[in-house]
Amino acid sequence: MTFTVLVVDDVKENIDVLSHILSDHYRVKAATSGEMALTVARKTLPDIILLDIMMPGMDGYDTCRRLKQIPETRNIPVIFVTAKNQVMDEVKGFETGAVDYIGKPVNPVITLARVKTHIALSNQKKCLEIQVQEQTREIRETRLEIIRKLGRAAEYKDNDTGLHVERMSRYTYLIATAYGLDDHESQLVLQASPMHDIGKIGVPDMVLKKPGRLTVQEWNLMDKHPLIGGRIIGESRAELLQAARIIAEQHHERWDGTGYPYRLKADEIHVYARLTSVADVFDALTSRRPYKAAWDIDAAVDLIQDQKGKQFDPAVVDAFSAVLPDILNIKHQFAETSAETGNQDGQ
């Protein structure tokens with residue numbers, strides 16, 4: 001692999017000297033001013049920059065500062081090549097972001113050694129950063145996969161395929177985006193909402209799988225699943241688990257204050273839970289259960305519209321309506337291939 005060195009000096013003879021030293025080992029680019037150096041650096045992304053200090057207009061210090069402010073060039077190592085060799089000159093150079101100094105007149109052996117060393121250090125740093133990014137990505141993906149599998153585990157308690165959490169989490173993401181959450185928060189809701197019914201793990205199967213209507217006592221057991229979910233997730237410093245706990249505990253609260261378990265009202269209900277609630281109910285209504293047939297799409301949409309300002313946040317309902325075509329595409333993509341059984345949630 002051939003590395004590229006950008007030499008910046010307003011004196012052509014100085015560029016020629018450095019090019020002669022470097023050209024047998026590196027691809028050499030040249031610029032005769034600070035302004036030109038910025039343009040060439042952004043276009044070619046050299047592996048290292050040898051930069052003169054005393055230049056008319058934008059001097060080397062200002063050029064280095066500008067290079068460190070540009071995202072594409074900020075990590076390119078800069079070596080000052082200059083006759084300014086006072087201690088304060090070197091201190092100022094390092095403060096602007098340079099990694100080394102080479103004094104003029106240049107020594108070929110020293111120049112080659114410094115360039116080789118700093119290119120190697122820069123590449124080592126890049127490799128380490130890539131490794132850290134890859135390990136971080138793997139950890140994040142593993143964490144998300146565990147959360148999704150736990151969500152599906154709860155759904156398997158009363159659903160043959162567990163696709164409810166796949167659909168409703170994607171519905172929630174679409175609604176969150178239309179509602180106005182930024183991409184980070186929308187992704188957070190997408191990742192956390194599969195845990196909404198994790199508390200069903202603590203509800204007896206005789207309640208979850210009952211084919212008929214629940215008795216008052218059975219509903220009392222069912223109503224505990226948000227609190228059970230909150231206890232399962234527990235306290236955490238992780239943003240994702242904090243969001244998952246909020247959704248698990250509050251997704252059955254109602255805009256008018258008649259929900260459970262806390263009887264929260266309006267904006268007292270966290271927006272993550274208000275978004276999840278609409279997505280959860282829509283999917284429950286339009287899916288077949290042992291105690292009911294799947295509702296017609298229009299009928300389910302009409303019910304959600306009717307509950308605007310009652311069960312649901314009006315702004316969330318508006319967002320739901322805005323992305324309904326995309327929601328229906330997801331519903332088709334993740335359609336059940338076998339009968340869904342026993343889900344009492346969302347009713």
# chains A, B, ... in the order shown; residues from 1 in each chain; ligands from 1

$ residues_around --residues "Ile15 (chain A)" --least-positions-apart "4" --cutoff "12 Å" --atoms "only C-alpha atoms" --output "PDB file with C-alpha atoms, in the first residue's frame"
ATOM      1  CA  VAL A   5       2.043  12.814   1.925  1.00  0.00           C
ATOM      2  CA  LEU A   6       0.810  16.371   1.399  1.00  0.00           C
ATOM      3  CA  VAL A   7       3.660  18.910   1.444  1.00  0.00           C
ATOM      4  CA  VAL A   8       2.615  22.521   2.064  1.00  0.00           C
ATOM      5  CA  ASP A   9       5.120  25.354   1.528  1.00  0.00           C
ATOM      6  CA  ASP A  10       4.946  28.680  -0.300  1.00  0.00           C
ATOM      7  CA  VAL A  11       8.509  28.199  -1.583  1.00  0.00           C
ATOM      8  CA  SER A  19       9.440  15.596  -2.726  1.00  0.00           C
ATOM      9  CA  HIS A  20      12.901  14.310  -3.601  1.00  0.00           C
ATOM     10  CA  ILE A  21      13.286  12.803  -0.115  1.00  0.00           C
ATOM     11  CA  LEU A  22       9.816  11.253  -0.002  1.00  0.00           C
ATOM     12  CA  SER A  23       8.889  10.295  -3.569  1.00  0.00           C
ATOM     13  CA  VAL A  28       3.540  13.155  -2.787  1.00  0.00           C
ATOM     14  CA  LYS A  29       0.967  15.930  -3.216  1.00  0.00           C
ATOM     15  CA  ALA A  30       1.835  19.625  -2.953  1.00  0.00           C
ATOM     16  CA  ALA A  31       0.152  22.897  -2.012  1.00  0.00           C
ATOM     17  CA  THR A  32       1.705  26.371  -2.006  1.00  0.00           C
ATOM     18  CA  SER A  33      -0.655  28.077   0.434  1.00  0.00           C
ATOM     19  CA  LEU A  50       4.100  18.298   6.209  1.00  0.00           C
ATOM     20  CA  LEU A  51       3.249  21.942   6.819  1.00  0.00           C
ATOM     21  CA  ASP A  52       5.383  25.095   6.685  1.00  0.00           C
ATOM     22  CA  VAL A  81       8.499  21.733   8.818  1.00  0.00           C
ATOM     23  CA  VAL A 106      15.591  19.162   6.645  1.00  0.00           C
TER      24      VAL A 106
END

$ residues_around --residues "region 91-95 of chain A" --least-positions-apart "2" --cutoff "10 Å" --atoms "only C-alpha atoms" --output "PyMOL selection string"
chain A and resi 53+60-62+64-65+78-80+86-89+97-101

$ closest_residue --among "A:Ala192, A:Ile201, A:Ile297, A:Val278" --to "Arg245 (chain A)" --atoms "only C-alpha atoms"
A:Ala192

$ atom_distance --atom1 "CA of Ile327 (chain A)" --atom2 "CA of Leu174 (chain A)"
7.5 Å

$ closest_residue --among "A:Val281, A:Ser193, A:Leu18, A:Ile330" --to "Ile110 (chain A)" --atoms "only C-alpha atoms"
A:Leu18

$ residues_around --residues "Asn75 (chain A)" --least-positions-apart "5" --cutoff "10 Å" --atoms "only C-alpha atoms" --output "PDB file with C-alpha atoms, in the first residue's frame"
ATOM      1  CA  LEU A  45      -7.309  12.817   2.287  1.00  0.00           C
ATOM      2  CA  ASP A  47      -2.102  10.034   5.286  1.00  0.00           C
ATOM      3  CA  ILE A  48       0.085  12.823   6.685  1.00  0.00           C
ATOM      4  CA  LEU A  67      -7.619  21.226   9.318  1.00  0.00           C
ATOM      5  CA  LYS A  68      -8.508  20.106  12.842  1.00  0.00           C
ATOM      6  CA  GLN A  69     -11.943  21.749  12.572  1.00  0.00           C
ATOM      7  CA  ILE A  70     -12.896  19.874   9.395  1.00  0.00           C
ATOM      8  CA  GLY A  97      -2.873  20.073  16.847  1.00  0.00           C
ATOM      9  CA  SER A 122      -2.032   7.022  12.846  1.00  0.00           C
ATOM     10  CA  LYS A 125      -4.991   4.368  16.027  1.00  0.00           C
ATOM     11  CA  LYS A 126      -7.417   3.875  13.127  1.00  0.00           C
TER      12      LYS A 126
END

$ residues_around --residues "Arg274 (chain A)" --least-positions-apart "5" --cutoff "10 Å" --atoms "only C-alpha atoms" --output "list in words"
Thr172, Ala176, Ile247, Gln250, His251, His252, Glu253, Arg254, Trp255, Ala266, Asp267, Ile269, Ala279, Gln311, Phe312, Asp313, Pro314, Ala315, Val316 and Val317 of chain A

$ closest_residue --among "A:Ala319, A:His25, A:Leu240, A:Leu214" --to "Leu112 (chain A)" --atoms "only C-alpha atoms"
A:His25

$ select_by_dssp --residues "region 199-300 of chain A" --states "alpha helix (DSSP H)" --output "count of residues only"
51

$ closest_residue --among "A:Glu336, A:Asp298, A:Glu138, A:Asp306" --to "Leu324 (chain A)" --atoms "only C-alpha atoms"
A:Asp298

$ atom_distance --atom1 "CA of Ser186 (chain A)" --atom2 "CA of Tyr173 (chain A)"
5.4 Å

$ decode --residues "region 213-243 of chain A" --atoms "N, CA and C atoms" --output "JSON list (two decimals), in the first residue's frame"
[["chain", "number", "residue", "atom", "x", "y", "z"],
["A", 213, "ARG", "N", -64.12, -14.79, 28.01],
["A", 213, "ARG", "CA", -63.95, -13.55, 28.75],
["A", 213, "ARG", "C", -63.37, -13.82, 30.13],
["A", 214, "LEU", "N", -62.59, -12.88, 30.61],
["A", 214, "LEU", "CA", -61.99, -13.01, 31.93],
["A", 214, "LEU", "C", -62.97, -12.56, 33.01],
["A", 215, "THR", "N", -62.90, -13.22, 34.16],
["A", 215, "THR", "CA", -63.67, -12.78, 35.32],
["A", 215, "THR", "C", -62.99, -11.57, 35.95],
["A", 216, "VAL", "N", -63.66, -10.96, 36.89],
["A", 216, "VAL", "CA", -63.07, -9.80, 37.58],
["A", 216, "VAL", "C", -61.76, -10.21, 38.26],
["A", 217, "GLN", "N", -61.75, -11.36, 38.91],
["A", 217, "GLN", "CA", -60.54, -11.82, 39.58],
["A", 217, "GLN", "C", -59.41, -12.07, 38.58],
["A", 218, "GLU", "N", -59.77, -12.61, 37.43],
["A", 218, "GLU", "CA", -58.75, -12.87, 36.41],
["A", 218, "GLU", "C", -58.21, -11.57, 35.82],
["A", 219, "TRP", "N", -59.10, -10.59, 35.66],
["A", 219, "TRP", "CA", -58.63, -9.30, 35.18],
["A", 219, "TRP", "C", -57.69, -8.65, 36.19],
["A", 220, "ASN", "N", -57.97, -8.86, 37.46],
["A", 220, "ASN", "CA", -57.07, -8.32, 38.49],
["A", 220, "ASN", "C", -55.68, -8.90, 38.36],
["A", 221, "LEU", "N", -55.61, -10.18, 38.00],
["A", 221, "LEU", "CA", -54.31, -10.80, 37.77],
["A", 221, "LEU", "C", -53.65, -10.23, 36.51],
["A", 222, "MET", "N", -54.46, -10.10, 35.44],
["A", 222, "MET", "CA", -53.93, -9.56, 34.19],
["A", 222, "MET", "C", -53.43, -8.13, 34.36],
["A", 223, "ASP", "N", -54.16, -7.34, 35.15],
["A", 223, "ASP", "CA", -53.80, -5.94, 35.33],
["A", 223, "ASP", "C", -52.47, -5.74, 36.03],
["A", 224, "LYS", "N", -51.95, -6.79, 36.62],
["A", 224, "LYS", "CA", -50.68, -6.68, 37.33],
["A", 224, "LYS", "C", -49.48, -6.78, 36.39],
["A", 225, "HIS", "N", -49.70, -7.18, 35.12],
["A", 225, "HIS", "CA", -48.53, -7.43, 34.28],
["A", 225, "HIS", "C", -47.68, -6.20, 33.99],
["A", 226, "PRO", "N", -48.23, -4.97, 33.95],
["A", 226, "PRO", "CA", -47.32, -3.83, 33.78],
["A", 226, "PRO", "C", -46.36, -3.65, 34.96],
["A", 227, "LEU", "N", -46.87, -3.85, 36.19],
["A", 227, "LEU", "CA", -46.00, -3.73, 37.35],
["A", 227, "LEU", "C", -44.98, -4.85, 37.41],
["A", 228, "ILE", "N", -45.42, -6.06, 37.03],
["A", 228, "ILE", "CA", -44.49, -7.19, 36.98],
["A", 228, "ILE", "C", -43.39, -6.91, 35.96],
["A", 229, "GLY", "N", -43.79, -6.37, 34.81],
["A", 229, "GLY", "CA", -42.81, -6.02, 33.79],
["A", 229, "GLY", "C", -41.79, -5.02, 34.29],
["A", 230, "GLY", "N", -42.27, -4.01, 35.01],
["A", 230, "GLY", "CA", -41.36, -3.01, 35.56],
["A", 230, "GLY", "C", -40.37, -3.62, 36.53],
["A", 231, "ARG", "N", -40.84, -4.57, 37.34],
["A", 231, "ARG", "CA", -39.95, -5.22, 38.30],
["A", 231, "ARG", "C", -38.94, -6.12, 37.60],
["A", 232, "ILE", "N", -39.37, -6.80, 36.53],
["A", 232, "ILE", "CA", -38.45, -7.67, 35.78],
["A", 232, "ILE", "C", -37.31, -6.85, 35.17],
["A", 233, "ILE", "N", -37.65, -5.73, 34.56],
["A", 233, "ILE", "CA", -36.63, -4.89, 33.93],
["A", 233, "ILE", "C", -35.79, -4.20, 34.99],
["A", 234, "GLY", "N", -36.45, -3.70, 36.05],
["A", 234, "GLY", "CA", -35.74, -3.14, 37.18],
["A", 234, "GLY", "C", -35.08, -1.79, 36.89],
["A", 235, "GLU", "N", -34.31, -1.33, 37.88],
["A", 235, "GLU", "CA", -33.57, -0.08, 37.73],
["A", 235, "GLU", "C", -32.34, -0.32, 36.87],
["A", 236, "SER", "N", -32.02, 0.65, 36.02],
["A", 236, "SER", "CA", -30.86, 0.51, 35.16],
["A", 236, "SER", "C", -30.36, 1.89, 34.76],
["A", 237, "ARG", "N", -29.06, 1.98, 34.57],
["A", 237, "ARG", "CA", -28.49, 3.22, 34.05],
["A", 237, "ARG", "C", -28.54, 3.26, 32.53],
["A", 238, "ALA", "N", -28.83, 2.12, 31.91],
["A", 238, "ALA", "CA", -28.88, 2.04, 30.45],
["A", 238, "ALA", "C", -30.16, 2.72, 29.93],
["A", 239, "GLU", "N", -29.98, 3.63, 28.99],
["A", 239, "GLU", "CA", -31.11, 4.37, 28.43],
["A", 239, "GLU", "C", -32.15, 3.44, 27.84],
["A", 240, "LEU", "N", -31.71, 2.41, 27.16],
["A", 240, "LEU", "CA", -32.63, 1.47, 26.52],
["A", 240, "LEU", "C", -33.51, 0.76, 27.54],
["A", 241, "LEU", "N", -32.92, 0.30, 28.63],
["A", 241, "LEU", "CA", -33.70, -0.41, 29.64],
["A", 241, "LEU", "C", -34.59, 0.56, 30.41],
["A", 242, "GLN", "N", -34.17, 1.79, 30.59],
["A", 242, "GLN", "CA", -35.04, 2.79, 31.21],
["A", 242, "GLN", "C", -36.29, 2.99, 30.37],
["A", 243, "ALA", "N", -36.09, 3.10, 29.05],
["A", 243, "ALA", "CA", -37.24, 3.26, 28.14],
["A", 243, "ALA", "C", -38.12, 2.03, 28.17]]
